[in-house]
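J.: Handing you this structure, nothing more for now.
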Amino acid sequence: MPAAAQISSSFPTAKCLACDRHVLTYIAFDGEAEARCCVHCDGVVDGDLRWINAAELEAEGYQFGAPSAAKAGGGCGSGCGTCSVRKN
Ligand SMILES: [Zn+2]
């Protein structure tokens, strides 16, 4: 996964009770309060954050980049002319 190897950031995950799994989280602002929420169900997640890298995130079932396009050799495969695949 060359695309994932270029990503050095860490991502905050936490256990979501509703989804019953570790999920990627985001911070939602409600007035002055901020809450850590699940990207899947938008529920508030509690507990310890676990910061993981892209490879670990993929192990949790998340995916980076555009795998369908990558499998097609780059570009969107629709002949739109704006993608990386050249016709000549
Ligand atoms: Zn959830």
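If you're wondering about the labels, chains in the structure tokens are A, B, ... by order shown, residues count from 1 in each chain, ligands from 1 in order shown.
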Could I get the residue neighbourhood of ligand 1 at 6 Å, counting only C-alpha atoms and all ligand atoms, as JSON, numbers by chain?
T.: {"A": [16, 18, 19, 38, 40, 41, 43]}
J.: I need the residue nearest A:Ser9 from this list: A:Asn53, A:Val44, A:Glu32, A:Glu60. Use only C-alpha atoms for the distance.
T.: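 Under the stated criterion, the closest residue is A:Asn53.
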J.: Could you tell me how far atom CA of A:Ala33 lies from atom CA of A:Leu57, in Å and to one decimal?
T.: 27.2 Å
J.: Report as a ChimeraX atom specification all protein, DNA and RNA residues lying within 12 Å of A:Gly61, evaluated on only C-alpha atoms, omitting residues in the same chain fewer than 5 positions from it.
T.: /A:21-24,54-56
J.: Can you list, as a list of chain:residue names, every protein, DNA or RNA residue that comes within 8 Å of A:Ile27 when you count only C-alpha atoms, leaving out same-chain residues fewer than 5 positions away?
T.: A:Glu34, A:Ala35, A:Arg36, A:Cys37
